[in-house]
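Data block for my_file.csv (CSV, N, CA and C atoms):
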chain,number,residue,atom,x,y,z
A,1480,MET,N,-18.4,13.4,2.2
A,1480,MET,CA,-17.6,13.0,1.0
A,1480,MET,C,-18.6,12.3,0.1
A,1481,SER,N,-18.7,12.7,-1.1
A,1481,SER,CA,-19.7,12.0,-2.0
A,1481,SER,C,-19.2,10.6,-2.4
A,1482,ASN,N,-20.1,9.7,-2.6
A,1482,ASN,CA,-19.7,8.3,-3.0
A,1482,ASN,C,-18.9,8.3,-4.2
A,1483,ARG,N,-19.3,9.0,-5.2
A,1483,ARG,CA,-18.5,9.0,-6.5
A,1483,ARG,C,-17.1,9.5,-6.3
A,1484,PHE,N,-16.9,10.6,-5.6
A,1484,PHE,CA,-15.6,11.1,-5.3
A,1484,PHE,C,-14.8,10.1,-4.5
A,1485,ALA,N,-15.4,9.5,-3.5
A,1485,ALA,CA,-14.7,8.5,-2.6
A,1485,ALA,C,-14.2,7.4,-3.5
A,1486,ILE,N,-15.1,6.9,-4.4
A,1486,ILE,CA,-14.7,5.7,-5.2
A,1486,ILE,C,-13.5,6.1,-6.1
A,1487,ALA,N,-13.5,7.3,-6.7
A,1487,ALA,CA,-12.5,7.7,-7.5
A,1487,ALA,C,-11.1,7.9,-6.8
A,1488,ILE,N,-11.2,8.5,-5.6
A,1488,ILE,CA,-10.0,8.6,-4.8
A,1488,ILE,C,-9.5,7.3,-4.3
A,1489,ALA,N,-10.4,6.4,-3.9
A,1489,ALA,CA,-10.0,5.1,-3.4
A,1489,ALA,C,-9.3,4.3,-4.5
A,1490,ALA,N,-9.8,4.4,-5.7
A,1490,ALA,CA,-9.2,3.7,-6.8
A,1490,ALA,C,-7.8,4.3,-7.0
A,1491,ALA,N,-7.7,5.6,-7.0
A,1491,ALA,CA,-6.4,6.2,-7.2
A,1491,ALA,C,-5.4,5.8,-6.1
A,1492,LEU,N,-5.9,5.8,-4.9
A,1492,LEU,CA,-5.0,5.4,-3.7
A,1492,LEU,C,-4.6,3.9,-3.8
A,1493,THR,N,-5.4,3.1,-4.3
A,1493,THR,CA,-5.2,1.7,-4.2
A,1493,THR,C,-4.6,1.1,-5.5
A,1494,PHE,N,-4.9,1.7,-6.6
A,1494,PHE,CA,-4.6,1.0,-7.9
A,1494,PHE,C,-3.7,1.7,-8.9
A,1495,ALA,N,-3.7,3.0,-8.8
A,1495,ALA,CA,-3.0,3.8,-9.9
A,1495,ALA,C,-1.5,3.5,-9.9
A,1496,VAL,N,-0.9,3.4,-11.0
A,1496,VAL,CA,0.5,3.2,-11.2
A,1496,VAL,C,1.1,4.4,-11.9
A,1497,PRO,N,1.9,5.3,-11.2
A,1497,PRO,CA,2.5,6.4,-12.0
A,1497,PRO,C,3.4,5.9,-13.1
A,1498,GLN,N,3.5,6.6,-14.1
A,1498,GLN,CA,4.3,6.2,-15.2
A,1498,GLN,C,5.7,6.8,-15.0
A,1499,ILE,N,6.5,6.2,-14.1
A,1499,ILE,CA,7.8,6.7,-13.9
A,1499,ILE,C,8.8,5.5,-14.0
A,1500,ALA,N,10.0,5.9,-14.3
A,1500,ALA,CA,11.0,4.8,-14.4
A,1500,ALA,C,11.5,4.4,-13.0
A,1501,TRP,N,11.2,3.2,-12.6
A,1501,TRP,CA,11.7,2.7,-11.3
A,1501,TRP,C,12.8,1.7,-11.6
A,1502,ALA,N,13.8,1.7,-10.7
A,1502,ALA,CA,14.9,0.7,-10.8
A,1502,ALA,C,14.2,-0.7,-10.6
A,1503,GLU,N,15.0,-1.7,-11.0
A,1503,GLU,CA,14.4,-3.0,-10.9
A,1503,GLU,C,13.8,-3.4,-9.6
A,1504,LEU,N,12.6,-3.8,-9.6
A,1504,LEU,CA,11.9,-4.2,-8.3
A,1504,LEU,C,12.0,-5.7,-8.2
A,1505,LYS,N,12.2,-6.2,-7.0
A,1505,LYS,CA,12.3,-7.6,-6.7
A,1505,LYS,C,11.2,-8.0,-5.7
A,1506,ARG,N,10.7,-9.2,-5.8
A,1506,ARG,CA,9.6,-9.6,-4.9
A,1506,ARG,C,10.1,-9.7,-3.5
A,1507,VAL,N,9.3,-9.2,-2.6
A,1507,VAL,CA,9.5,-9.3,-1.2
A,1507,VAL,C,8.9,-10.6,-0.8
A,1508,GLU,N,9.7,-11.5,-0.2
A,1508,GLU,CA,9.3,-12.9,0.0
A,1508,GLU,C,8.6,-13.2,1.4
A,1509,ASN,N,9.0,-12.4,2.4
A,1509,ASN,CA,8.5,-12.7,3.7
A,1509,ASN,C,8.3,-11.5,4.6
A,1510,LYS,N,7.6,-11.7,5.7
A,1510,LYS,CA,7.3,-10.6,6.6
A,1510,LYS,C,8.5,-9.9,7.2
A,1511,SER,N,9.6,-10.6,7.5
A,1511,SER,CA,10.7,-10.0,8.1
A,1511,SER,C,11.4,-9.1,7.1
A,1512,GLU,N,11.5,-9.5,5.8
A,1512,GLU,CA,12.1,-8.7,4.7
A,1512,GLU,C,11.2,-7.5,4.5
A,1513,PHE,N,9.9,-7.6,4.5
A,1513,PHE,CA,9.0,-6.5,4.4
A,1513,PHE,C,9.2,-5.5,5.5
A,1514,MET,N,9.2,-6.0,6.8
A,1514,MET,CA,9.4,-5.1,7.9
A,1514,MET,C,10.7,-4.4,7.9
A,1515,SER,N,11.8,-5.0,7.4
A,1515,SER,CA,13.1,-4.4,7.3
A,1515,SER,C,13.0,-3.2,6.4
A,1516,LEU,N,12.2,-3.3,5.4
A,1516,LEU,CA,12.0,-2.2,4.4
A,1516,LEU,C,11.2,-1.0,4.9
A,1517,VAL,N,10.1,-1.3,5.6
A,1517,VAL,CA,9.1,-0.3,6.0
A,1517,VAL,C,9.2,0.2,7.4
A,1518,GLN,N,9.9,-0.5,8.3
A,1518,GLN,CA,10.0,0.0,9.7
A,1518,GLN,C,10.6,1.3,9.8
A,1519,GLY,N,9.9,2.2,10.4
A,1519,GLY,CA,10.4,3.6,10.6
A,1519,GLY,C,10.3,4.5,9.4
A,1520,LYS,N,9.7,4.0,8.3
A,1520,LYS,CA,9.6,4.7,7.1
A,1520,LYS,C,8.1,5.1,6.8
A,1521,THR,N,7.9,6.0,5.9
A,1521,THR,CA,6.6,6.4,5.4
A,1521,THR,C,6.4,5.9,4.0
A,1522,LEU,N,5.4,5.3,3.7
A,1522,LEU,CA,5.1,5.0,2.3
A,1522,LEU,C,4.4,6.2,1.7
A,1523,SER,N,4.9,6.8,0.6
A,1523,SER,CA,4.4,8.0,0.1
A,1523,SER,C,4.2,7.9,-1.4
A,1524,ARG,N,3.1,8.6,-1.8
A,1524,ARG,CA,2.8,8.8,-3.2
A,1524,ARG,C,2.0,10.1,-3.2
A,1525,PRO,N,1.7,10.7,-4.4
A,1525,PRO,CA,1.0,12.0,-4.3
A,1525,PRO,C,-0.3,11.9,-3.5
A,1526,LEU,N,-0.4,12.8,-2.6
A,1526,LEU,CA,-1.6,13.0,-1.7
A,1526,LEU,C,-1.8,11.8,-0.7
A,1527,VAL,N,-0.8,10.9,-0.6
A,1527,VAL,CA,-0.9,9.8,0.3
A,1527,VAL,C,0.3,9.6,1.1
A,1528,ARG,N,0.1,9.4,2.4
A,1528,ARG,CA,1.2,9.1,3.4
A,1528,ARG,C,0.7,8.0,4.3
A,1529,LEU,N,1.4,6.8,4.3
A,1529,LEU,CA,1.0,5.7,5.1
A,1529,LEU,C,2.2,5.2,6.0
A,1530,ASN,N,1.8,4.7,7.2
A,1530,ASN,CA,2.8,4.0,8.0
A,1530,ASN,C,2.3,2.6,8.3
A,1531,VAL,N,3.2,1.7,8.2
A,1531,VAL,CA,2.8,0.3,8.5
A,1531,VAL,C,3.7,-0.2,9.6
A,1532,SER,N,3.0,-0.5,10.8
A,1532,SER,CA,3.7,-0.8,12.0
A,1532,SER,C,3.9,-2.3,12.2
A,1533,PRO,N,4.9,-2.7,13.0
A,1533,PRO,CA,5.2,-4.1,13.2
A,1533,PRO,C,4.0,-4.8,14.0
A,1534,ASP,N,3.2,-4.0,14.7
A,1534,ASP,CA,2.1,-4.6,15.4
A,1534,ASP,C,0.8,-4.8,14.6
A,1535,GLY,N,0.9,-4.7,13.2
A,1535,GLY,CA,-0.2,-5.0,12.4
A,1535,GLY,C,-1.1,-3.8,12.1
A,1536,LYS,N,-0.7,-2.6,12.4
A,1536,LYS,CA,-1.6,-1.4,12.1
A,1536,LYS,C,-1.1,-0.6,10.9
A,1537,ILE,N,-2.1,0.0,10.2
A,1537,ILE,CA,-1.8,0.9,9.1
A,1537,ILE,C,-2.4,2.2,9.5
A,1538,THR,N,-1.7,3.3,9.4
A,1538,THR,CA,-2.2,4.6,9.7
A,1538,THR,C,-1.7,5.6,8.7
A,1539,GLY,N,-2.4,6.7,8.5
A,1539,GLY,CA,-1.9,7.7,7.6
A,1539,GLY,C,-3.0,8.6,7.1
A,1540,ARG,N,-2.7,9.3,5.9
A,1540,ARG,CA,-3.7,10.2,5.3
A,1540,ARG,C,-3.7,9.9,3.8
A,1541,GLY,N,-4.9,10.0,3.2
A,1541,GLY,CA,-5.1,9.9,1.8
A,1541,GLY,C,-5.9,11.1,1.4
A,1542,ALA,N,-5.3,12.0,0.6
A,1542,ALA,CA,-5.9,13.3,0.3
A,1542,ALA,C,-6.1,14.0,1.6
A,1543,THR,N,-7.3,14.3,2.1
A,1543,THR,CA,-7.5,15.0,3.4
A,1543,THR,C,-8.1,14.1,4.4
A,1544,TRP,N,-8.2,12.8,4.1
A,1544,TRP,CA,-8.9,11.9,5.0
A,1544,TRP,C,-8.0,10.9,5.7
A,1545,ASP,N,-8.3,10.5,6.9
A,1545,ASP,CA,-7.5,9.5,7.6
A,1545,ASP,C,-7.6,8.1,6.9
A,1546,VAL,N,-6.5,7.4,7.0
A,1546,VAL,CA,-6.5,6.0,6.5
A,1546,VAL,C,-6.1,5.2,7.8
A,1547,THR,N,-6.9,4.2,8.0
A,1547,THR,CA,-6.6,3.3,9.1
A,1547,THR,C,-6.8,1.9,8.6
A,1548,GLY,N,-6.2,0.9,9.3
A,1548,GLY,CA,-6.4,-0.5,8.9
A,1548,GLY,C,-5.5,-1.4,9.7
A,1549,SER,N,-5.5,-2.6,9.2
A,1549,SER,CA,-4.7,-3.7,9.8
A,1549,SER,C,-4.0,-4.5,8.6
A,1550,TRP,N,-3.0,-5.2,9.0
A,1550,TRP,CA,-2.3,-6.0,8.0
A,1550,TRP,C,-1.6,-7.2,8.6
A,1551,ASP,N,-1.3,-8.2,7.8
A,1551,ASP,CA,-0.6,-9.3,8.2
A,1551,ASP,C,0.1,-9.9,6.9
A,1552,TRP,N,1.0,-10.8,7.1
A,1552,TRP,CA,1.7,-11.4,6.0
A,1552,TRP,C,1.2,-12.9,6.0
A,1553,LYS,N,0.6,-13.2,4.8
A,1553,LYS,CA,0.1,-14.6,4.7
A,1553,LYS,C,0.5,-15.2,3.4
A,1554,ASN,N,1.1,-16.4,3.4
A,1554,ASN,CA,1.4,-17.2,2.2
A,1554,ASN,C,2.2,-16.3,1.2
A,1555,GLY,N,3.1,-15.5,1.7
A,1555,GLY,CA,3.9,-14.7,0.7
A,1555,GLY,C,3.3,-13.4,0.3
A,1556,PHE,N,2.2,-13.0,0.9
A,1556,PHE,CA,1.5,-11.8,0.5
A,1556,PHE,C,1.2,-10.9,1.6
A,1557,PHE,N,1.2,-9.5,1.3
A,1557,PHE,CA,0.8,-8.5,2.3
A,1557,PHE,C,-0.7,-8.4,2.2
A,1558,CYS,N,-1.3,-8.8,3.3
A,1558,CYS,CA,-2.8,-8.8,3.4
A,1558,CYS,C,-3.3,-7.7,4.3
A,1559,ARG,N,-4.1,-6.8,3.7
A,1559,ARG,CA,-4.5,-5.6,4.4
A,1559,ARG,C,-6.0,-5.4,4.4
A,1560,ASP,N,-6.5,-4.8,5.4
A,1560,ASP,CA,-7.9,-4.4,5.5
A,1560,ASP,C,-7.9,-2.9,5.8
A,1561,LEU,N,-8.4,-2.1,4.9
A,1561,LEU,CA,-8.3,-0.6,5.0
A,1561,LEU,C,-9.6,0.1,5.1
A,1562,ASN,N,-9.6,1.2,5.8
A,1562,ASN,CA,-10.7,2.2,5.9
A,1562,ASN,C,-10.1,3.5,5.6
A,1563,TRP,N,-10.8,4.2,4.7
A,1563,TRP,CA,-10.3,5.5,4.2
A,1563,TRP,C,-11.4,6.5,4.3
A,1564,GLY,N,-11.2,7.5,5.2
A,1564,GLY,CA,-12.2,8.6,5.3
A,1564,GLY,C,-13.6,8.0,5.7
A,1565,GLY,N,-13.7,6.9,6.4
A,1565,GLY,CA,-15.0,6.3,6.8
A,1565,GLY,C,-15.5,5.3,5.8
A,1566,ASP,N,-14.8,5.1,4.7
A,1566,ASP,CA,-15.2,4.1,3.7
A,1566,ASP,C,-14.3,2.9,3.8
A,1567,ASP,N,-15.0,1.7,3.8
A,1567,ASP,CA,-14.3,0.5,3.9
A,1567,ASP,C,-13.8,0.1,2.5
A,1568,LEU,N,-12.4,0.0,2.4
A,1568,LEU,CA,-11.8,-0.4,1.1
A,1568,LEU,C,-11.7,-1.9,1.0
A,1569,GLY,N,-11.9,-2.6,2.1
A,1569,GLY,CA,-12.0,-4.0,2.1
A,1569,GLY,C,-10.6,-4.7,2.3
A,1570,TYR,N,-10.7,-6.0,2.3
A,1570,TYR,CA,-9.6,-6.9,2.6
A,1570,TYR,C,-9.0,-7.3,1.2
A,1571,ASN,N,-7.6,-7.3,1.1
A,1571,ASN,CA,-7.0,-7.7,-0.1
A,1571,ASN,C,-5.6,-8.2,0.2
A,1572,CYS,N,-5.2,-9.3,-0.4
A,1572,CYS,CA,-3.8,-9.8,-0.3
A,1572,CYS,C,-3.0,-9.4,-1.5
A,1573,GLN,N,-1.8,-8.8,-1.3
A,1573,GLN,CA,-1.1,-8.1,-2.4
A,1573,GLN,C,0.3,-8.6,-2.5
A,1574,GLU,N,0.8,-8.8,-3.7
A,1574,GLU,CA,2.2,-9.1,-4.0
A,1574,GLU,C,2.9,-7.8,-3.7
A,1575,VAL,N,4.1,-7.9,-3.1
A,1575,VAL,CA,4.9,-6.7,-2.9
A,1575,VAL,C,6.3,-6.8,-3.6
A,1576,LEU,N,6.6,-5.8,-4.3
A,1576,LEU,CA,7.9,-5.7,-5.0
A,1576,LEU,C,8.6,-4.5,-4.4
A,1577,ALA,N,10.0,-4.5,-4.3
A,1577,ALA,CA,10.7,-3.4,-3.8
A,1577,ALA,C,12.1,-3.4,-4.3
A,1578,ASN,N,12.8,-2.2,-4.2
A,1578,ASN,CA,14.2,-2.1,-4.5
A,1578,ASN,C,14.9,-1.3,-3.4
A,1579,GLY,N,14.3,-1.1,-2.3
A,1579,GLY,CA,15.0,-0.4,-1.2
A,1579,GLY,C,14.5,1.0,-0.9
A,1580,SER,N,14.1,1.7,-2.0
A,1580,SER,CA,13.6,3.0,-1.8
A,1580,SER,C,12.2,3.2,-2.4
A,1581,GLU,N,11.8,2.2,-3.2
A,1581,GLU,CA,10.4,2.2,-3.7
A,1581,GLU,C,9.8,0.8,-3.5
A,1582,MET,N,8.4,0.9,-3.4
A,1582,MET,CA,7.6,-0.4,-3.3
A,1582,MET,C,6.5,-0.3,-4.2
A,1583,ARG,N,6.1,-1.5,-4.7
A,1583,ARG,CA,4.9,-1.6,-5.6
A,1583,ARG,C,4.1,-2.7,-4.9
A,1584,PHE,N,2.8,-2.4,-4.7
A,1584,PHE,CA,1.8,-3.3,-4.2
A,1584,PHE,C,0.9,-3.7,-5.3
A,1585,ILE,N,0.7,-5.0,-5.6
A,1585,ILE,CA,-0.1,-5.4,-6.7
A,1585,ILE,C,-1.3,-6.2,-6.1
A,1586,ALA,N,-2.5,-5.7,-6.3
A,1586,ALA,CA,-3.7,-6.3,-5.7
A,1586,ALA,C,-3.9,-7.7,-6.2
A,1587,ASP,N,-4.8,-8.4,-5.5
A,1587,ASP,CA,-5.3,-9.7,-5.9
A,1587,ASP,C,-4.2,-10.7,-6.1
A,1588,GLN,N,-3.3,-10.7,-5.1
A,1588,GLN,CA,-2.1,-11.6,-5.1
A,1588,GLN,C,-1.3,-11.5,-6.4
A,1589,GLY,N,-1.1,-10.3,-6.8
A,1589,GLY,CA,-0.3,-10.0,-8.0
A,1589,GLY,C,-1.0,-10.0,-9.3
A,1590,ALA,N,-2.3,-10.3,-9.3
A,1590,ALA,CA,-3.0,-10.4,-10.6
A,1590,ALA,C,-3.8,-9.1,-10.9
A,1591,GLY,N,-3.9,-8.2,-9.9
A,1591,GLY,CA,-4.7,-7.0,-10.1
A,1591,GLY,C,-3.9,-5.8,-10.4
A,1592,GLN,N,-4.4,-4.6,-10.1
A,1592,GLN,CA,-3.8,-3.3,-10.4
A,1592,GLN,C,-2.7,-3.0,-9.3
A,1593,ALA,N,-1.8,-2.1,-9.7
A,1593,ALA,CA,-0.7,-1.9,-8.8
A,1593,ALA,C,-0.7,-0.4,-8.3
A,1594,ALA,N,-0.1,-0.2,-7.1
A,1594,ALA,CA,0.1,1.1,-6.6
A,1594,ALA,C,1.6,1.2,-6.2
A,1595,ASP,N,2.3,2.3,-6.6
A,1595,ASP,CA,3.7,2.5,-6.3
A,1595,ASP,C,3.8,3.5,-5.2
A,1596,PHE,N,4.8,3.3,-4.3
A,1596,PHE,CA,5.1,4.1,-3.2
A,1596,PHE,C,6.6,4.4,-3.1
A,1597,ARG,N,7.0,5.5,-2.6
A,1597,ARG,CA,8.4,5.7,-2.2
A,1597,ARG,C,8.5,5.5,-0.7
A,1598,LEU,N,9.6,5.0,-0.3
A,1598,LEU,CA,9.9,4.9,1.1
A,1598,LEU,C,10.7,6.1,1.6
A,1599,ARG,N,10.1,6.8,2.6
A,1599,ARG,CA,10.8,8.0,3.1
A,1599,ARG,C,11.0,7.9,4.6
As C-alpha coordinates:
Amino acid sequence: MSNRFAIAIAAALTFAVPQIAWAELKRVENKSEFMSLVQGKTLSRPLVRLNVSPDGKITGRGATWDVTGSWDWKNGFFCRDLNWGGDDLGYNCQEVLANGSEMRFIADQGAGQAADFRLR
(Lines of atoms letter the chains of each structure in order from A and count residues from 1; the text may use other names and numbers.)
(Lines give C-alpha, C1' and ligand atoms only; values in the text may rest on other atoms or scores of the structure.)
Protein backbone atom coordinates (compact mmCIF):
# COMPACT_ATOMS: atom_id res chain seq x y z
CA MET A 1 0.00 0.00 0.00
CA SER A 2 1.53 3.33 -0.98
CA ASN A 3 2.14 5.88 1.75
CA ARG A 4 0.10 8.58 -0.02
CA PHE A 5 -2.90 6.27 -0.45
CA ALA A 6 -2.60 5.05 3.14
CA ILE A 7 -2.58 8.59 4.49
CA ALA A 8 -5.62 9.54 2.41
CA ILE A 9 -7.59 6.51 3.51
CA ALA A 10 -6.50 6.89 7.14
CA ALA A 11 -7.72 10.47 7.12
CA ALA A 12 -11.03 9.39 5.62
CA LEU A 13 -11.42 6.59 8.17
CA THR A 14 -10.54 8.78 11.09
CA PHE A 15 -11.79 12.25 10.35
CA ALA A 16 -14.31 12.55 7.54
CA VAL A 17 -17.82 13.63 8.49
CA PRO A 18 -20.50 12.69 5.98
CA GLN A 19 -22.93 15.50 5.30
CA ILE A 20 -26.08 13.72 6.44
CA ALA A 21 -28.84 14.80 8.75
CA TRP A 22 -28.37 13.02 12.07
CA ALA A 23 -30.86 13.13 14.90
CA GLU A 24 -29.66 15.06 17.91
CA LEU A 25 -26.50 13.53 19.32
CA LYS A 26 -25.74 13.66 23.04
CA ARG A 27 -22.39 13.28 24.74
CA VAL A 28 -21.56 9.82 26.04
CA GLU A 29 -20.36 10.47 29.59
CA ASN A 30 -18.81 7.20 30.77
CA LYS A 31 -17.52 3.77 29.83
CA SER A 32 -20.64 1.88 30.92
CA GLU A 33 -22.88 4.11 28.78
CA PHE A 34 -20.48 3.67 25.85
CA MET A 35 -20.44 -0.12 26.25
CA SER A 36 -24.24 -0.28 26.44
CA LEU A 37 -24.32 1.38 23.01
CA VAL A 38 -21.59 -0.61 21.21
CA GLN A 39 -21.68 -4.06 22.81
CA GLY A 40 -22.70 -6.63 20.21
CA LYS A 41 -22.88 -3.96 17.50
CA THR A 42 -20.71 -3.00 14.55
CA LEU A 43 -19.65 0.58 13.97
CA SER A 44 -20.09 1.13 10.25
CA ARG A 45 -19.49 3.82 7.66
CA PRO A 46 -18.68 3.50 3.95
CA LEU A 47 -15.87 0.95 3.51
CA VAL A 48 -15.37 0.63 7.30
CA ARG A 49 -16.66 -1.95 9.79
CA LEU A 50 -15.34 -1.92 13.38
CA ASN A 51 -16.08 -3.84 16.55
CA VAL A 52 -15.20 -2.48 19.98
CA SER A 53 -15.11 -5.17 22.67
CA PRO A 54 -15.48 -4.86 26.44
CA ASP A 55 -11.95 -6.27 26.92
CA GLY A 56 -10.39 -3.21 25.27
CA LYS A 57 -9.87 -4.52 21.74
CA ILE A 58 -10.80 -2.96 18.41
CA THR A 59 -11.07 -5.16 15.31
CA GLY A 60 -12.47 -4.75 11.84
CA ARG A 61 -11.80 -3.73 8.26
CA GLY A 62 -11.16 -0.40 6.59
CA ALA A 63 -11.36 -0.55 2.82
CA THR A 64 -9.62 -3.90 2.22
CA TRP A 65 -7.22 -3.80 5.16
CA ASP A 66 -7.51 -5.08 8.71
CA VAL A 67 -7.96 -2.61 11.54
CA THR A 68 -6.72 -3.62 14.99
CA GLY A 69 -6.18 -1.71 18.16
CA SER A 70 -6.95 -1.14 21.77
CA TRP A 71 -9.12 1.30 23.68
CA ASP A 72 -9.97 2.53 27.14
CA TRP A 73 -12.18 5.20 28.68
CA LYS A 74 -10.20 7.99 30.37
CA ASN A 75 -11.49 11.21 31.94
CA GLY A 76 -14.70 11.16 29.90
CA PHE A 77 -13.09 10.28 26.57
CA PHE A 78 -12.73 7.22 24.34
CA CYS A 79 -8.97 6.75 24.01
CA ARG A 80 -7.81 4.46 21.24
CA ASP A 81 -4.59 3.26 19.65
CA LEU A 82 -5.15 1.97 16.09
CA ASN A 83 -3.29 0.09 13.39
CA TRP A 84 -4.74 0.01 9.89
CA GLY A 85 -3.29 -2.21 7.20
CA GLY A 86 0.09 -2.20 8.96
CA ASP A 87 0.14 1.59 9.47
CA ASP A 88 0.11 2.99 12.99
CA LEU A 89 -2.66 5.60 13.25
CA GLY A 90 -1.53 6.47 16.76
CA TYR A 91 -3.13 7.17 20.09
CA ASN A 92 -5.96 9.68 20.41
CA CYS A 93 -8.61 10.48 23.02
CA GLN A 94 -11.95 11.36 21.47
CA GLU A 95 -15.23 12.86 22.56
CA VAL A 96 -18.13 10.53 21.76
CA LEU A 97 -21.65 11.65 20.87
CA ALA A 98 -24.54 9.26 20.22
CA ASN A 99 -28.28 8.98 19.74
CA GLY A 100 -28.72 5.22 20.00
CA SER A 101 -28.26 4.32 16.34
CA GLU A 102 -25.44 6.68 15.34
CA MET A 103 -22.16 7.72 16.93
CA ARG A 104 -19.76 10.56 16.29
CA PHE A 105 -16.14 10.40 17.43
CA ILE A 106 -14.39 13.78 17.63
CA ALA A 107 -10.59 13.62 17.75
CA ASP A 108 -8.36 15.52 20.14
CA GLN A 109 -10.85 15.44 23.05
CA GLY A 110 -13.56 17.06 20.96
CA ALA A 111 -11.38 19.77 19.41
CA GLY A 112 -10.43 17.90 16.21
CA GLN A 113 -12.15 16.41 13.20
CA ALA A 114 -15.05 14.01 13.50
CA ALA A 115 -16.02 10.60 12.12
CA ASP A 116 -19.64 9.42 12.05
CA PHE A 117 -20.66 5.78 12.36
CA ARG A 118 -23.93 3.87 12.34
CA LEU A 119 -24.48 1.20 14.97
CA ARG A 120 -25.61 -2.06 13.33
Would you give me, as a ChimeraX atom specification, the residues in chain A that DSSP reads as helix (DSSP H, G or I)? /A:1482-1494,1510-1517,1586-1589
Which residue of A:Trp1550, A:Gly1541, A:Leu1504, A:Leu1526 approaches A:Glu1581 most closely, using all atoms listed in the file: A:Leu1504
Quick one: pull the distance between atom CA of A:Ala1593 and atom CA of A:Cys1572, Å, one decimal.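 Distance reported for this atom pair: 12.0 Å.
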Here is a test: counting only C-alpha atoms, which residue of A:Ala1577, A:Lys1505, A:Phe1513, A:Asp1545 is nearest to A:Leu1529?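 Checking each candidate against A:Leu1529, we get A:Asp1545 as the closest.
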Using all atoms listed in the file, pick whichever of A:Glu1503, A:Asp1595, A:Glu1508, A:Asp1534 has the shortest atom-to-atom distance to A:Val1575. A:Glu1508
Using all atoms listed in the file, which residues of stretch 1505-1560 of chain A come within 8 Å of stretch 1585-1592 of chain A, and what is the closest atom pair for each, with the distance in Å to one decimal? Give it as a Markdown table, sorted by chain and residue number.
| residue | atom | partner | partner_atom | distance |
| --- | --- | --- | --- | --- |
| A:Gly1555 | C | A:Gln1588 | CA | 7.8 |
| A:Phe1556 | CA | A:Gln1588 | CA | 6.7 |
| A:Phe1557 | N | A:Gln1588 | CA | 7.5 |
Find the spatial neighbours of A:Ser1532, counting only C-alpha atoms, within a cut-off of 10 Å - ignore same-chain residues fewer than 2 positions away - and output them as an NGL selection string. :A and (1514 or 1517-1520 or 1529-1530 or 1534-1538 or 1549-1550)
Would you compute the distance between atom CA of A:Lys1553 and atom N of A:Lys1510? Give it in Å to one decimal.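 Interatomic distance here is 8.1 Å.
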Which residue, A:Leu1516, A:Leu1598, A:Ala1542, A:Cys1558, has the smallest gap to A:Glu1574 when you use all atoms listed in the file?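 Using all atoms listed in the file, the shortest distance to A:Glu1574 belongs to A:Cys1558.
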Of the candidates A:Asn1509, A:Thr1543, A:Gly1564, A:Gly1548, which shows the shortest atom-to-atom distance to A:Leu1576, using only C-alpha atoms?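 Smallest distance to A:Leu1576 is found for A:Asn1509.
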Among chain A, which ones does DSSP place in strand (DSSP E or B), written as number ranges by chain? A: 1505-1506, 1522-1524, 1527-1531, 1536-1541, 1544-1553, 1556-1563, 1566-1577, 1581-1585, 1593-1598
Atom C of A:Asn1578 to atom CA of A:Arg1559, straight-line distance in Å: 21.3 Å
Residues within 5 Å of A:Leu1561, all atoms listed in the file, excluding chain neighbours under 3 positions, as a count of residues only: 5
Shortest interatomic distance to A:Arg1599 - which of A:Trp1544, A:Asn1562, A:Gln1573, A:Ser1580, counting all atoms listed in the file: A:Ser1580
